[in-house]
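Novice: For reference, the structure I am asking about is given below.
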Amino acid sequence: MSGELTFSARIGSKGGIRALVNEAVALEMAGFDQVWVSNDLFGQSGLVGLSAIAALTSRIKFGSGVLDPVTLHPVQIAMAASSLQELSGGRFLLGLGAGSDVFFSWAGITPIRPVPRTRQAITTIRALLAGESPTNVEGLDSAYTERAVLQAPRPTPIYVGAMGPKMLHMTGRFADGALALCLPPGQFHHVVAQIAAGADAAGRSIDDLDVAACLWCSVDEDRDQAQRAMAVQISRYAGSLSTDALAAAGQDPDEFTHVTALIAAGRSDDAVHAVSARMLQLGIVGGVNDVIDQCREMISQGVRHLSFGPPMGPSPAAALALFGKVVLPALRA
């Protein structure tokens, strides 16, 4: 891994599009390099938020985290990417992902397997953004014709939201970057190894990719409050995490099972209190100096792109202020 340090943040639109855009503007002012906007099916449209961010920011790069090629046709994704590049003066980053089969089932959709559909989308969209027809792209289900060419193509970096080994390997083969969820942060080395294997198989180098270590982070001047905010996050998602991955990372899956049972029983406060100090190690958490030290440790081990995600802290606004005034300047120094 090589190159300059990159700092990004991942934000959602649960608070509404206006709040999303305001947060992106605040991230630009705080000194972040990139902001990634979610686009969950049946949620609020990330594309609307991205358009507003393009118009209301001037420096920060911004990306879709992520668009799926099932409910959005690859041609529509390529069209949106080109338009956002024009609107922003070339600051848009296209984040793709397989999407959620659970969400697709709500809409009565049964797509092909996640890795093939994402791979096909990457190669198709890249051809379109280069001003070419995807007629000769290998392994496509769709039969494009020579007329399948965008009117105003603008090349755009393509990132993939990846977690599993097969998706990470494919990302190394085909993508320009990776949005790799690292829970706990120490998992980053395993992620890099799998992406690097894919890059090697394609005759590429891992240095050709921008690999973001996507982390859960919670920072506050009050360490206890920061830890509580992280405990709330962990309790909400305890049942969604792979037990095999948790065990491999030195966690006790039984602790997560217990927290999940408390949530199912409607005992959310007890679930938060049941999150142990070991479970808190899933993310980067604590006071300002704690977070700086944990980030510095990752940087010393070769991480070049730190991507901070929810909860950020008990007060998102206060957390952003701490990042802008203290955390990012210290890490850049």
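Each chain of the structure tokens is named A, B, ... in the order shown, its residues numbered from 1; ligands are numbered from 1 in display order.
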Can you tell me which residues surround segment 294-300 of chain A at a distance of at most 9 Å, considering only C-alpha atoms, apart from same-chain residues fewer than 5 positions away, and format the answer as a list of chain:residue names?
Specialist: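 Near neighbours after the sequence-gap exclusion: A:Leu5, A:Pro185, A:Gly186, A:Phe188, A:Ile284, A:Val285, A:Asn289, A:His305, A:Leu306, A:Leu331.
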Novice: Among segment 73-307 of chain A, which residues carry a DSSP assignment of strand (DSSP E or B), reported as a PyMOL selection string?
Specialist: chain A and resi 92-96+158-162+177-181+210-219+284-286+305-307
Novice: Pick the closest to Ser142 of chain A from A:Ser100, A:Gln44, A:Gln120, A:Thr156: which is it, counting only C-alpha atoms?
Specialist: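 Closest residue, counting only C-alpha atoms: A:Gln120.
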Novice: Here is a test: counting only C-alpha atoms, which residue of A:Gly89, A:Pro74, A:Gly31, A:Gly15 is nearest to Ala55 of chain A?
Specialist: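 Counting only C-alpha atoms, the residue closest to Ala55 of chain A is A:Gly89.
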Novice: Identify, with DSSP run on backbone atoms, the residues in segment 61-281 of chain A assigned to alpha helix (DSSP H), and express the list as a count of residues only.
Specialist: 104
Novice: Could you give me, as a PyMOL selection string, the residues within 12 Å of segment 106-113 of chain A, counting only C-alpha atoms and dropping anything in the same chain fewer than 4 positions from it?
Specialist: chain A and resi 41-42+68-71+98-102+117-121+140-141+166-167
Novice: Atom CA of Leu20 of chain A and atom CA of Lys61 of chain A are how many Å apart?
Specialist: 15.0 Å
Novice: With distances taken over only C-alpha atoms, which of A:Gly239, A:Gly324, A:Pro116, A:Gly287 is nearest to Ala26 of chain A?
Specialist: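 Going through A:Gly239, A:Gly324, A:Pro116, A:Gly287 one by one, the smallest distance to Ala26 of chain A is for A:Gly324.
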Novice: Kindly assemble as a Markdown table a list of the segment 245-324 of chain A residues that lie within 12 Å of segment 210-221 of chain A, each paired with its nearest atom pair and their distance in Å to one decimal, using only C-alpha atoms, sorted first by chain and then by ascending residue number.
Specialist:
```
| residue | atom | partner | partner_atom | distance |
| --- | --- | --- | --- | --- |
| A:Leu280 | CA | A:Trp216 | CA | 10.0 |
| A:Gln281 | CA | A:Trp216 | CA | 9.8 |
| A:Leu282 | CA | A:Trp216 | CA | 7.4 |
| A:Gly283 | CA | A:Trp216 | CA | 4.7 |
| A:Ile284 | CA | A:Cys217 | CA | 4.7 |
| A:Val285 | CA | A:Ser218 | CA | 4.7 |
| A:Gly286 | CA | A:Val219 | CA | 5.3 |
| A:Gly287 | CA | A:Glu221 | CA | 5.2 |
| A:Val288 | CA | A:Val219 | CA | 6.2 |
| A:Asn289 | CA | A:Glu221 | CA | 9.2 |
| A:Asp290 | CA | A:Val219 | CA | 8.5 |
| A:Val291 | CA | A:Val219 | CA | 6.7 |
| A:Ile292 | CA | A:Val219 | CA | 9.7 |
| A:Gln294 | CA | A:Cys217 | CA | 10.5 |
| A:Cys295 | CA | A:Cys217 | CA | 10.2 |
| A:Met298 | CA | A:Ala213 | CA | 9.4 |
| A:Ile299 | CA | A:Ala213 | CA | 10.5 |
| A:Gly302 | CA | A:Ala213 | CA | 10.8 |
| A:Val303 | CA | A:Ala213 | CA | 7.3 |
| A:Arg304 | CA | A:Ala212 | CA | 7.6 |
| A:His305 | CA | A:Ala212 | CA | 4.8 |
| A:Leu306 | CA | A:Ala213 | CA | 5.2 |
| A:Ser307 | CA | A:Cys214 | CA | 4.6 |
| A:Phe308 | CA | A:Leu215 | CA | 5.2 |
| A:Gly309 | CA | A:Trp216 | CA | 4.9 |
| A:Pro310 | CA | A:Trp216 | CA | 5.7 |
| A:Pro311 | CA | A:Ser218 | CA | 5.8 |
| A:Met312 | CA | A:Ser218 | CA | 4.2 |
| A:Gly313 | CA | A:Ser218 | CA | 4.1 |
| A:Pro314 | CA | A:Asp220 | CA | 7.1 |
| A:Ser315 | CA | A:Asp220 | CA | 7.8 |
| A:Pro316 | CA | A:Ser218 | CA | 9.1 |
| A:Ala317 | CA | A:Asp220 | CA | 10.4 |
| A:Ala318 | CA | A:Asp220 | CA | 7.3 |
| A:Ala319 | CA | A:Val219 | CA | 5.9 |
| A:Leu320 | CA | A:Val219 | CA | 9.1 |
| A:Ala321 | CA | A:Asp220 | CA | 9.9 |
| A:Leu322 | CA | A:Asp220 | CA | 7.7 |
| A:Phe323 | CA | A:Val219 | CA | 8.6 |
```
Novice: Rank nothing, just name the residue among A:Leu56, A:Ala143, A:Val137, A:Val48 nearest to Glu28 of chain A, using only C-alpha atoms.
Specialist: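 Closest to Glu28 of chain A, using only C-alpha atoms: A:Leu56.
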